[in-house]
Every structure is written in C-alpha cells, then in structure tokens.
$ cat entry-v1.pdb   # PDB, C-alpha atoms and all ligand atoms
MODEL        1
ATOM      1  CA  MET A  28       4.055 116.579 118.348  1.00  0.00           C
ATOM      2  CA  LEU A  29       0.644 116.093 116.811  1.00  0.00           C
ATOM      3  CA  ASN A  30      -2.639 117.442 118.189  1.00  0.00           C
ATOM      4  CA  SER A  31      -5.842 116.509 116.411  1.00  0.00           C
ATOM      5  CA  PRO A  32      -8.585 117.577 117.177  1.00  0.00           C
ATOM      6  CA  SER A  33      -6.640 120.746 117.783  1.00  0.00           C
ATOM      7  CA  ASN A  34      -6.442 123.373 120.451  1.00  0.00           C
ATOM      8  CA  PRO A  35      -6.708 126.211 119.384  1.00  0.00           C
ATOM      9  CA  THR A  36      -8.114 125.779 115.860  1.00  0.00           C
ATOM     10  CA  GLY A  37     -10.543 122.880 116.337  1.00  0.00           C
ATOM     11  CA  ALA A  38      -9.139 121.369 113.145  1.00  0.00           C
ATOM     12  CA  VAL A  39      -9.413 117.589 112.788  1.00  0.00           C
ATOM     13  CA  TYR A  40      -6.904 115.875 110.482  1.00  0.00           C
ATOM     14  CA  THR A  41      -8.422 113.302 108.143  1.00  0.00           C
ATOM     15  CA  ARG A  42      -7.289 109.693 108.265  1.00  0.00           C
ATOM     16  CA  GLY A  43      -5.658 110.180 104.846  1.00  0.00           C
ATOM     17  CA  GLU A  44      -3.660 113.208 106.026  1.00  0.00           C
ATOM     18  CA  LEU A  45      -2.461 111.320 109.081  1.00  0.00           C
ATOM     19  CA  GLU A  46      -1.555 108.252 106.990  1.00  0.00           C
ATOM     20  CA  ALA A  47       0.603 110.483 104.775  1.00  0.00           C
ATOM     21  CA  LEU A  48       2.288 111.860 107.910  1.00  0.00           C
ATOM     22  CA  ALA A  49       2.698 108.323 109.262  1.00  0.00           C
ATOM     23  CA  ASP A  50       4.634 107.314 106.136  1.00  0.00           C
ATOM     24  CA  VAL A  51       7.005 110.262 106.610  1.00  0.00           C
ATOM     25  CA  VAL A  52       7.431 109.406 110.295  1.00  0.00           C
ATOM     26  CA  LEU A  53       8.292 105.768 109.495  1.00  0.00           C
ATOM     27  CA  ALA A  54      10.644 106.635 106.614  1.00  0.00           C
ATOM     28  CA  ALA A  55      12.506 109.259 108.694  1.00  0.00           C
ATOM     29  CA  LYS A  56      12.406 107.094 111.857  1.00  0.00           C
ATOM     30  CA  LEU A  57      10.848 109.928 113.865  1.00  0.00           C
ATOM     31  CA  GLY A  58       9.263 109.734 117.284  1.00  0.00           C
ATOM     32  CA  VAL A  59       5.769 111.186 117.759  1.00  0.00           C
ATOM     33  CA  ILE A  60       3.786 112.460 120.702  1.00  0.00           C
ATOM     34  CA  SER A  61       0.141 112.384 119.649  1.00  0.00           C
ATOM     35  CA  ASP A  62      -2.082 114.483 121.915  1.00  0.00           C
ATOM     36  CA  GLU A  63      -5.601 113.100 121.302  1.00  0.00           C
ATOM     37  CA  ILE A  64      -7.323 114.624 124.314  1.00  0.00           C
ATOM     38  CA  TYR A  65     -10.258 115.933 122.198  1.00  0.00           C
ATOM     39  CA  GLU A  66     -10.794 112.520 120.550  1.00  0.00           C
ATOM     40  CA  LYS A  67     -14.444 112.270 121.664  1.00  0.00           C
ATOM     41  CA  LEU A  68     -15.380 115.833 120.648  1.00  0.00           C
ATOM     42  CA  VAL A  69     -15.756 115.721 116.874  1.00  0.00           C
ATOM     43  CA  PHE A  70     -18.609 117.077 114.798  1.00  0.00           C
ATOM     44  CA  GLY A  71     -20.451 116.349 111.567  1.00  0.00           C
ATOM     45  CA  ASP A  72     -18.564 113.904 109.367  1.00  0.00           C
ATOM     46  CA  ALA A  73     -15.211 114.518 111.087  1.00  0.00           C
ATOM     47  CA  ARG A  74     -13.635 111.471 112.753  1.00  0.00           C
ATOM     48  CA  ALA A  75     -10.813 111.415 115.273  1.00  0.00           C
ATOM     49  CA  THR A  76      -8.034 108.997 114.262  1.00  0.00           C
ATOM     50  CA  CYS A  77      -5.678 107.246 116.641  1.00  0.00           C
ATOM     51  CA  PHE A  78      -2.306 107.948 115.008  1.00  0.00           C
ATOM     52  CA  ALA A  79      -0.396 105.016 116.541  1.00  0.00           C
ATOM     53  CA  THR A  80      -2.721 102.467 114.896  1.00  0.00           C
ATOM     54  CA  LEU A  81      -2.321 103.690 111.307  1.00  0.00           C
ATOM     55  CA  ARG A  82       0.670 101.607 110.207  1.00  0.00           C
ATOM     56  CA  PRO A  83       2.440  98.515 111.571  1.00  0.00           C
ATOM     57  CA  GLY A  84       5.414  99.627 113.659  1.00  0.00           C
ATOM     58  CA  LEU A  85       4.013 103.082 114.358  1.00  0.00           C
ATOM     59  CA  GLU A  86       2.994 102.182 117.902  1.00  0.00           C
ATOM     60  CA  GLU A  87       6.701 101.613 118.644  1.00  0.00           C
ATOM     61  CA  ARG A  88       7.423 105.251 117.690  1.00  0.00           C
ATOM     62  CA  THR A  89       4.357 106.956 119.164  1.00  0.00           C
ATOM     63  CA  ILE A  90       3.377 108.068 122.621  1.00  0.00           C
ATOM     64  CA  THR A  91      -0.365 108.739 122.666  1.00  0.00           C
ATOM     65  CA  ILE A  92      -1.585 111.085 125.381  1.00  0.00           C
ATOM     66  CA  SER A  93      -5.106 111.865 126.499  1.00  0.00           C
ATOM     67  CA  GLY A  94      -7.026 112.525 129.690  1.00  0.00           C
ATOM     68  CA  ALA A  95     -10.315 112.966 131.497  1.00  0.00           C
ATOM     69  CA  SER A  96     -10.349 116.788 131.324  1.00  0.00           C
ATOM     70  CA  LYS A  97     -12.246 117.231 128.062  1.00  0.00           C
ATOM     71  CA  THR A  98     -14.356 114.089 127.526  1.00  0.00           C
ATOM     72  CA  TYR A  99     -15.622 114.035 131.109  1.00  0.00           C
ATOM     73  CA  ALA A 100     -15.279 117.773 131.984  1.00  0.00           C
ATOM     74  CA  MET A 101     -12.827 116.783 134.756  1.00  0.00           C
ATOM     75  CA  THR A 102     -10.221 119.521 134.226  1.00  0.00           C
ATOM     76  CA  GLY A 103      -9.614 120.194 137.901  1.00  0.00           C
ATOM     77  CA  TRP A 104      -9.130 116.527 138.739  1.00  0.00           C
ATOM     78  CA  ARG A 105      -5.728 116.386 137.025  1.00  0.00           C
ATOM     79  CA  MET A 106      -6.099 112.968 135.395  1.00  0.00           C
ATOM     80  CA  GLY A 107      -4.284 112.209 132.169  1.00  0.00           C
ATOM     81  CA  TRP A 108      -2.702 109.128 130.674  1.00  0.00           C
ATOM     82  CA  ALA A 109      -0.159 108.024 128.125  1.00  0.00           C
ATOM     83  CA  ALA A 110       0.149 104.880 126.009  1.00  0.00           C
ATOM     84  CA  GLY A 111       3.369 103.972 124.233  1.00  0.00           C
ATOM     85  CA  PRO A 112       6.309 101.571 124.046  1.00  0.00           C
ATOM     86  CA  ALA A 113       6.953  99.981 127.440  1.00  0.00           C
ATOM     87  CA  HIS A 114      10.523 101.308 127.723  1.00  0.00           C
ATOM     88  CA  ALA A 115       9.349 104.916 127.161  1.00  0.00           C
ATOM     89  CA  ILE A 116       6.457 104.648 129.614  1.00  0.00           C
ATOM     90  CA  LYS A 117       8.763 103.131 132.237  1.00  0.00           C
ATOM     91  CA  ALA A 118      11.282 105.962 131.784  1.00  0.00           C
ATOM     92  CA  MET A 119       8.455 108.526 132.035  1.00  0.00           C
ATOM     93  CA  GLY A 120       7.372 106.873 135.289  1.00  0.00           C
ATOM     94  CA  ASN A 121      10.904 107.159 136.674  1.00  0.00           C
ATOM     95  CA  VAL A 122      11.090 110.886 135.900  1.00  0.00           C
ATOM     96  CA  GLN A 123       7.542 111.585 137.055  1.00  0.00           C
ATOM     97  CA  SER A 124       7.924 109.786 140.378  1.00  0.00           C
ATOM     98  CA  GLN A 125      10.931 111.966 141.225  1.00  0.00           C
ATOM     99  CA  GLN A 126       9.487 115.240 139.990  1.00  0.00           C
ATOM    100  CA  THR A 127       5.831 115.416 140.946  1.00  0.00           C
ATOM    101  CA  GLY A 128       3.238 113.920 143.220  1.00  0.00           C
ATOM    102  CA  CYS A 129       0.613 111.625 141.714  1.00  0.00           C
ATOM    103  CA  PRO A 130      -3.067 112.548 141.294  1.00  0.00           C
ATOM    104  CA  CYS A 131      -4.950 112.037 144.536  1.00  0.00           C
ATOM    105  CA  SER A 132      -6.657 108.667 145.035  1.00  0.00           C
ATOM    106  CA  ILE A 133     -10.133 110.259 144.756  1.00  0.00           C
ATOM    107  CA  SER A 134      -9.236 111.562 141.303  1.00  0.00           C
ATOM    108  CA  GLN A 135      -7.929 108.159 140.266  1.00  0.00           C
ATOM    109  CA  ALA A 136     -11.106 106.402 141.413  1.00  0.00           C
ATOM    110  CA  ALA A 137     -13.248 109.039 139.683  1.00  0.00           C
ATOM    111  CA  ALA A 138     -11.352 108.585 136.408  1.00  0.00           C
ATOM    112  CA  VAL A 139     -11.869 104.803 136.552  1.00  0.00           C
ATOM    113  CA  ALA A 140     -15.596 105.396 137.156  1.00  0.00           C
ATOM    114  CA  ALA A 141     -15.700 107.859 134.241  1.00  0.00           C
ATOM    115  CA  LEU A 142     -13.993 105.424 131.869  1.00  0.00           C
ATOM    116  CA  GLU A 143     -15.922 102.320 132.931  1.00  0.00           C
ATOM    117  CA  GLY A 144     -19.325 103.899 133.484  1.00  0.00           C
ATOM    118  CA  ASP A 145     -22.165 104.532 131.034  1.00  0.00           C
ATOM    119  CA  GLN A 146     -20.728 106.607 128.169  1.00  0.00           C
ATOM    120  CA  GLY A 147     -24.101 108.171 127.242  1.00  0.00           C
ATOM    121  CA  CYS A 148     -23.067 111.482 128.790  1.00  0.00           C
ATOM    122  CA  VAL A 149     -20.148 111.720 126.352  1.00  0.00           C
ATOM    123  CA  GLU A 150     -22.455 111.721 123.328  1.00  0.00           C
ATOM    124  CA  THR A 151     -24.858 114.099 125.100  1.00  0.00           C
ATOM    125  CA  MET A 152     -22.024 116.568 125.668  1.00  0.00           C
ATOM    126  CA  ARG A 153     -20.558 116.066 122.174  1.00  0.00           C
ATOM    127  CA  ARG A 154     -23.959 117.073 120.743  1.00  0.00           C
ATOM    128  CA  GLU A 155     -24.162 120.020 123.118  1.00  0.00           C
ATOM    129  CA  PHE A 156     -20.690 121.187 122.023  1.00  0.00           C
ATOM    130  CA  GLU A 157     -21.738 120.864 118.380  1.00  0.00           C
ATOM    131  CA  ALA A 158     -24.777 123.057 119.064  1.00  0.00           C
ATOM    132  CA  ARG A 159     -22.552 125.570 120.881  1.00  0.00           C
ATOM    133  CA  ARG A 160     -20.102 125.513 117.962  1.00  0.00           C
ATOM    134  CA  ASP A 161     -22.963 126.347 115.593  1.00  0.00           C
ATOM    135  CA  LEU A 162     -24.326 129.069 117.871  1.00  0.00           C
ATOM    136  CA  VAL A 163     -20.922 130.724 118.354  1.00  0.00           C
ATOM    137  CA  CYS A 164     -19.835 130.475 114.701  1.00  0.00           C
ATOM    138  CA  ASP A 165     -23.171 131.731 113.350  1.00  0.00           C
ATOM    139  CA  ARG A 166     -23.062 134.737 115.645  1.00  0.00           C
ATOM    140  CA  LEU A 167     -19.369 135.498 115.091  1.00  0.00           C
ATOM    141  CA  ALA A 168     -19.914 135.395 111.324  1.00  0.00           C
ATOM    142  CA  ARG A 169     -22.371 138.286 111.643  1.00  0.00           C
ATOM    143  CA  LEU A 170     -19.977 140.497 113.638  1.00  0.00           C
ATOM    144  CA  PRO A 171     -18.219 143.386 111.898  1.00  0.00           C
ATOM    145  CA  GLY A 172     -14.445 142.907 111.436  1.00  0.00           C
ATOM    146  CA  VAL A 173     -14.536 139.217 112.327  1.00  0.00           C
ATOM    147  CA  ARG A 174     -13.743 136.238 110.079  1.00  0.00           C
ATOM    148  CA  CYS A 175     -14.489 132.890 111.632  1.00  0.00           C
ATOM    149  CA  PHE A 176     -13.687 129.426 110.292  1.00  0.00           C
ATOM    150  CA  ARG A 177     -16.040 126.639 111.375  1.00  0.00           C
ATOM    151  CA  PRO A 178     -14.033 124.182 113.493  1.00  0.00           C
ATOM    152  CA  ASP A 179     -14.666 120.438 113.215  1.00  0.00           C
ATOM    153  CA  GLY A 180     -13.677 119.523 116.759  1.00  0.00           C
ATOM    154  CA  ALA A 181     -12.544 120.509 120.282  1.00  0.00           C
ATOM    155  CA  PHE A 182     -14.373 123.475 121.857  1.00  0.00           C
ATOM    156  CA  TYR A 183     -12.776 126.644 120.512  1.00  0.00           C
ATOM    157  CA  ALA A 184     -13.558 129.223 117.862  1.00  0.00           C
ATOM    158  CA  PHE A 185     -10.321 130.679 116.492  1.00  0.00           C
ATOM    159  CA  PHE A 186     -11.163 133.780 114.510  1.00  0.00           C
ATOM    160  CA  ASP A 187      -9.485 136.595 112.605  1.00  0.00           C
ATOM    161  CA  VAL A 188      -9.935 140.040 114.178  1.00  0.00           C
ATOM    162  CA  SER A 189      -7.128 141.810 112.300  1.00  0.00           C
ATOM    163  CA  ALA A 190      -9.671 144.052 110.534  1.00  0.00           C
ATOM    164  CA  ASN A 191     -10.061 145.805 113.915  1.00  0.00           C
ATOM    165  CA  PHE A 192      -6.355 146.653 114.223  1.00  0.00           C
ATOM    166  CA  GLY A 193      -6.027 150.437 114.065  1.00  0.00           C
ATOM    167  CA  ARG A 194      -9.343 151.002 115.877  1.00  0.00           C
ATOM    168  CA  THR A 195      -9.720 152.397 119.388  1.00  0.00           C
ATOM    169  CA  LEU A 196     -11.913 150.065 121.453  1.00  0.00           C
ATOM    170  CA  ALA A 197     -12.810 150.588 125.128  1.00  0.00           C
ATOM    171  CA  GLY A 198     -10.379 153.552 125.133  1.00  0.00           C
ATOM    172  CA  ARG A 199      -7.515 151.305 124.056  1.00  0.00           C
ATOM    173  CA  ALA A 200      -5.576 151.503 120.791  1.00  0.00           C
ATOM    174  CA  VAL A 201      -5.992 148.068 119.214  1.00  0.00           C
ATOM    175  CA  THR A 202      -2.807 147.167 117.330  1.00  0.00           C
ATOM    176  CA  ASP A 203      -2.562 143.404 117.723  1.00  0.00           C
ATOM    177  CA  SER A 204      -4.457 140.417 119.123  1.00  0.00           C
ATOM    178  CA  THR A 205      -3.198 141.032 122.682  1.00  0.00           C
ATOM    179  CA  SER A 206      -4.522 144.622 122.762  1.00  0.00           C
ATOM    180  CA  PHE A 207      -7.767 143.392 121.134  1.00  0.00           C
ATOM    181  CA  CYS A 208      -8.187 140.826 123.937  1.00  0.00           C
ATOM    182  CA  LEU A 209      -7.468 143.417 126.644  1.00  0.00           C
ATOM    183  CA  ALA A 210     -10.032 145.775 125.104  1.00  0.00           C
ATOM    184  CA  ALA A 211     -12.618 142.951 124.888  1.00  0.00           C
ATOM    185  CA  LEU A 212     -11.958 142.026 128.522  1.00  0.00           C
ATOM    186  CA  GLU A 213     -12.339 145.610 129.727  1.00  0.00           C
ATOM    187  CA  GLY A 214     -15.050 146.758 127.312  1.00  0.00           C
ATOM    188  CA  ALA A 215     -17.197 143.637 126.943  1.00  0.00           C
ATOM    189  CA  HIS A 216     -16.124 141.473 129.904  1.00  0.00           C
ATOM    190  CA  VAL A 217     -15.329 138.716 127.446  1.00  0.00           C
ATOM    191  CA  ASN A 218     -12.152 136.752 128.030  1.00  0.00           C
ATOM    192  CA  LEU A 219     -10.383 135.719 124.812  1.00  0.00           C
ATOM    193  CA  VAL A 220      -6.888 134.313 124.316  1.00  0.00           C
ATOM    194  CA  PRO A 221      -4.586 136.191 121.906  1.00  0.00           C
ATOM    195  CA  GLY A 222      -3.518 134.250 118.808  1.00  0.00           C
ATOM    196  CA  ASP A 223       0.088 135.501 119.289  1.00  0.00           C
ATOM    197  CA  ALA A 224       0.477 132.704 121.830  1.00  0.00           C
ATOM    198  CA  PHE A 225      -0.279 130.191 119.037  1.00  0.00           C
ATOM    199  CA  GLY A 226       1.780 131.867 116.281  1.00  0.00           C
ATOM    200  CA  ALA A 227      -1.310 133.476 114.674  1.00  0.00           C
ATOM    201  CA  PRO A 228      -1.078 137.183 115.545  1.00  0.00           C
ATOM    202  CA  GLY A 229      -4.264 138.267 113.725  1.00  0.00           C
ATOM    203  CA  PHE A 230      -6.468 135.776 115.561  1.00  0.00           C
ATOM    204  CA  VAL A 231      -8.086 135.281 118.952  1.00  0.00           C
ATOM    205  CA  ARG A 232      -9.486 132.143 120.576  1.00  0.00           C
ATOM    206  CA  MET A 233     -12.856 131.857 122.256  1.00  0.00           C
ATOM    207  CA  SER A 234     -13.653 128.772 124.303  1.00  0.00           C
ATOM    208  CA  TYR A 235     -17.240 127.521 124.152  1.00  0.00           C
ATOM    209  CA  ALA A 236     -16.871 125.206 127.148  1.00  0.00           C
ATOM    210  CA  THR A 237     -19.657 127.025 128.976  1.00  0.00           C
ATOM    211  CA  SER A 238     -23.448 127.177 128.854  1.00  0.00           C
ATOM    212  CA  ARG A 239     -25.346 128.511 125.838  1.00  0.00           C
ATOM    213  CA  GLU A 240     -26.797 131.238 128.106  1.00  0.00           C
ATOM    214  CA  GLN A 241     -23.301 132.413 129.075  1.00  0.00           C
ATOM    215  CA  LEU A 242     -22.216 132.283 125.443  1.00  0.00           C
ATOM    216  CA  GLN A 243     -25.247 134.299 124.277  1.00  0.00           C
ATOM    217  CA  GLY A 244     -24.551 136.920 126.960  1.00  0.00           C
ATOM    218  CA  GLY A 245     -20.861 137.174 126.045  1.00  0.00           C
ATOM    219  CA  LEU A 246     -21.622 137.344 122.326  1.00  0.00           C
ATOM    220  CA  ASP A 247     -24.267 140.045 122.943  1.00  0.00           C
ATOM    221  CA  ARG A 248     -21.646 142.116 124.785  1.00  0.00           C
ATOM    222  CA  LEU A 249     -18.985 141.457 122.137  1.00  0.00           C
ATOM    223  CA  GLU A 250     -21.428 142.514 119.431  1.00  0.00           C
ATOM    224  CA  GLN A 251     -22.288 145.799 121.183  1.00  0.00           C
ATOM    225  CA  PHE A 252     -18.593 146.414 121.800  1.00  0.00           C
ATOM    226  CA  LEU A 253     -17.607 145.901 118.141  1.00  0.00           C
ATOM    227  CA  ARG A 254     -20.547 147.879 116.727  1.00  0.00           C
ATOM    228  CA  LYS A 255     -19.679 151.004 118.760  1.00  0.00           C
TER
HETATM  229  C1  LIG B   1      -4.468 119.847 123.296  1.00  0.00           C
HETATM  230  C2  LIG B   1      -4.481 119.758 124.802  1.00  0.00           C
HETATM  231  N1  LIG B   1      -3.786 118.784 125.401  1.00  0.00           N
HETATM  232  C3  LIG B   1      -3.755 118.656 126.739  1.00  0.00           C
HETATM  233  C4  LIG B   1      -4.458 119.515 127.552  1.00  0.00           C
HETATM  234  C5  LIG B   1      -4.296 119.318 129.035  1.00  0.00           C
HETATM  235  O1  LIG B   1      -5.422 119.193 129.768  1.00  0.00           O
HETATM  236  P1  LIG B   1      -5.283 118.886 131.365  1.00  0.00           P
HETATM  237  O2  LIG B   1      -4.019 119.551 131.842  1.00  0.00           O
HETATM  238  O3  LIG B   1      -6.510 119.472 131.947  1.00  0.00           O
HETATM  239  O4  LIG B   1      -5.228 117.403 131.491  1.00  0.00           O
HETATM  240  C6  LIG B   1      -5.207 120.554 126.984  1.00  0.00           C
HETATM  241  C7  LIG B   1      -5.970 121.523 127.831  1.00  0.00           C
HETATM  242  O5  LIG B   1      -6.335 122.608 127.422  1.00  0.00           O
HETATM  243  C8  LIG B   1      -5.236 120.667 125.572  1.00  0.00           C
HETATM  244  O6  LIG B   1      -5.962 121.631 124.953  1.00  0.00           O
ENDMDL
END
$ encode --input "entry-v1.pdb" --output "structure tokens"
Amino acid sequence: MLNSPSNPTGAVYTRGELEALADVVLAAKLGVISDEIYEKLVFGDARATCFATLRPGLEERTITISGASKTYAMTGWRMGWAAGPAHAIKAMGNVQSQQTGCPCSISQAAAVAALEGDQGCVETMRREFEARRDLVCDRLARLPGVRCFRPDGAFYAFFDVSANFGRTLAGRAVTDSTSFCLAALEGAHVNLVPGDAFGAPGFVRMSYATSREQLQGGLDRLEQFLRK
C-alpha cells in the first residue's frame, strides 16, 4: 500500500524513490495499491508520480485509487475511483455490488462535471493550500515545544509535540499525543489528531483544509494555550 502525497505527513516520494520501489515490486512479484488521492495538491518543486506508469508490467500489478474528495473538495459526495487490471476491477465490482450501495446519481453526475470541466479551480486551490501550508508551518515553527517539518503535499502539518509531555495543560496531565490533543481541544478549541493513530506517538496532525482566517484564529488560540 503506497500513499504519496501522504496523509498524515504530506511527504511526496520522488520519481527516483518510486522507481527504486517499482524495481523491488517487480522482482518480488508484489501487488500494490497506490492511493494517489492528493495527486493534484503538491507544492514547490515536488511532483506527484503515478506509480503504475513507472515500469512496463507494473500496471498489471498495481491498483491505483483516487477520488474527488481532495482535488475538488467533494468529501461528502462519496466519489472515488480505481484503475487496475481488468480482472481485479471486475472482482472488486462483484464484491462492492453485494456489500454496499453505489454513490447517488447526483454525485456521479457532479464528479463527471468536476473531471470534465475547467480545471482552473484546481490550480487556484493548490496555490491556496500552498499559502496555508506556509502560514501554518511558519506559525507552528515559532511555538514553544513544537517541531514542525514542512510538508511538500496534501493538506496536513504533522508536528512533534513530545517536548510538552510532562506538562499540565488545560488542567490535564499531558503524557502522550492523545492527552495533548484532548488538552488542545478543551483548552484552545483546536481539534488535532493524535499521531498514535499513525504509529508516531510524539506527533499530532493538523489539517489546513479550512480558511486562512480559521487557521489564524486556531493558531492564535494554540499559541496562547502553549505559552501559558
Ligand atoms: C490518503 C487518503 N486516501 C483516501 C481518502 C478517502 O477520502 P474519501 O473517503 O473522502 O474519498 C483519504 C481521506 O482522508 C486520504 O487521506
């Protein structure tokens, strides 16, 4: 299972890194699910790479998945898609048709309109996300007890708050990322996701899929909360 650009880190694998992985996949005859849902949200010099296209024969071993949720801000519309070898897609269809209902016809028509319509809004939003990334990372870098890496894609800041473990914040003993997130929710009204869920217990994830005004307000409150 590959996911680049990544949730939660925002990391974007380079073409060279993915080519090296592709060689391993082909030599070991592995199957790959490549989740490329953030493919249009990459910043600076970073480029999203479609894994299945990297080597001849790889498309036979790869199921590429993506959707309308991120590129077109259509999360609630429940539209995603998969591309892969015909036999795998057919088998997925068999399972899916027995297990779940399909997206409603309005969602399907909206996704076709999103994909076939003017793509100018995608670049507008990519630029907006890049500006939000810069705003959030610049402000987080100035906060006490926070170490933030600058992500190259997606819309998350994934930062180290372990320097705060051992503190009491908002009346709560902070011992791990879950208690840090609860304290931030109660004390600053900022909703973060604990890194434990992603195998990174010292970290928390902040989404910047909201307006710059909202982000400034949340970061103001987080700053006051951490400087207490
Ligand atoms: C890496 C990744 N893949 C897939 C999804 C699924 O998005 P949705 O269920 O809205 O289509 C998400 C949503 O957060 C994601 O971060």
$ residues_near_ligand --input "entry-v1.pdb" --ligand "ligand LIG 1 (chain B)" --cutoff "12 Å" --atoms "only C-alpha atoms and all ligand atoms" --output "number ranges by chain"
A: 28-39, 60-66, 68, 91-109, 130, 138, 180-183, 225, 232, 234, 236
$ resolve_selection --input "entry-v1.pdb" --expression "the PyMOL selection byres (((chain A and resi 206) around 12) and not hetatm)" --output "PyMOL selection string"
chain A and resi 188-189+191-205+207-214+219-223+228-231
$ closest_residue --input "entry-v1.pdb" --among "A:Ala118, A:Ala110, A:Leu142, A:Ala224" --to "Val59 of chain A" --atoms "all atoms listed in the file"
A:Ala110
$ closest_residue --input "entry-v1.pdb" --among "A:Ile90, A:Met233, A:Cys131, A:Ala158" --to "Met119 of chain A" --atoms "only C-alpha atoms"
A:Ile90
$ atom_distance --input "entry-v1.pdb" --atom1 "atom CA of Arg42 of chain A" --atom2 "atom CA of Thr76 of chain A"
6.1 Å
$ closest_residue --input "entry-v1.pdb" --among "A:Glu150, A:Ala215, A:Leu57, A:Glu157" --to "Lys255 of chain A" --atoms "only C-alpha atoms"
A:Ala215
$ atom_distance --input "entry-v1.pdb" --atom1 "atom CA of Arg254 of chain A" --atom2 "atom CA of Val173 of chain A"
11.4 Å
$ atom_distance --input "entry-v1.pdb" --atom1 "atom CA of Phe176 of chain A" --atom2 "atom CA of Glu240 of chain A"
22.2 Å
$ resolve_selection --input "entry-v1.pdb" --expression "the PyMOL selection byres (((chain A and resi 52) around 12) and not hetatm)" --output "PyMOL selection string"
chain A and resi 28-29+45-51+53-60+78-79+81-82+84-89
$ axis_aligned_box --input "entry-v1.pdb" --around "segment 78-81 of chain A" --padding-each-side "3 Å" --output "JSON"
{"center_x": -1.6, "center_y": 105.2, "center_z": 113.9, "size_x": 8.3, "size_y": 11.5, "size_z": 11.2}
$ closest_residue --input "entry-v1.pdb" --among "A:Asp179, A:Gly226, A:Ala136, A:Leu249" --to "Tyr40 of chain A" --atoms "only C-alpha atoms"
A:Asp179
$ residues_around --input "entry-v1.pdb" --residues "Arg159 of chain A" --least-positions-apart "3" --cutoff "7 Å" --atoms "all atoms listed in the file" --output "number ranges by chain"
A: 155-156, 162-163, 235, 239
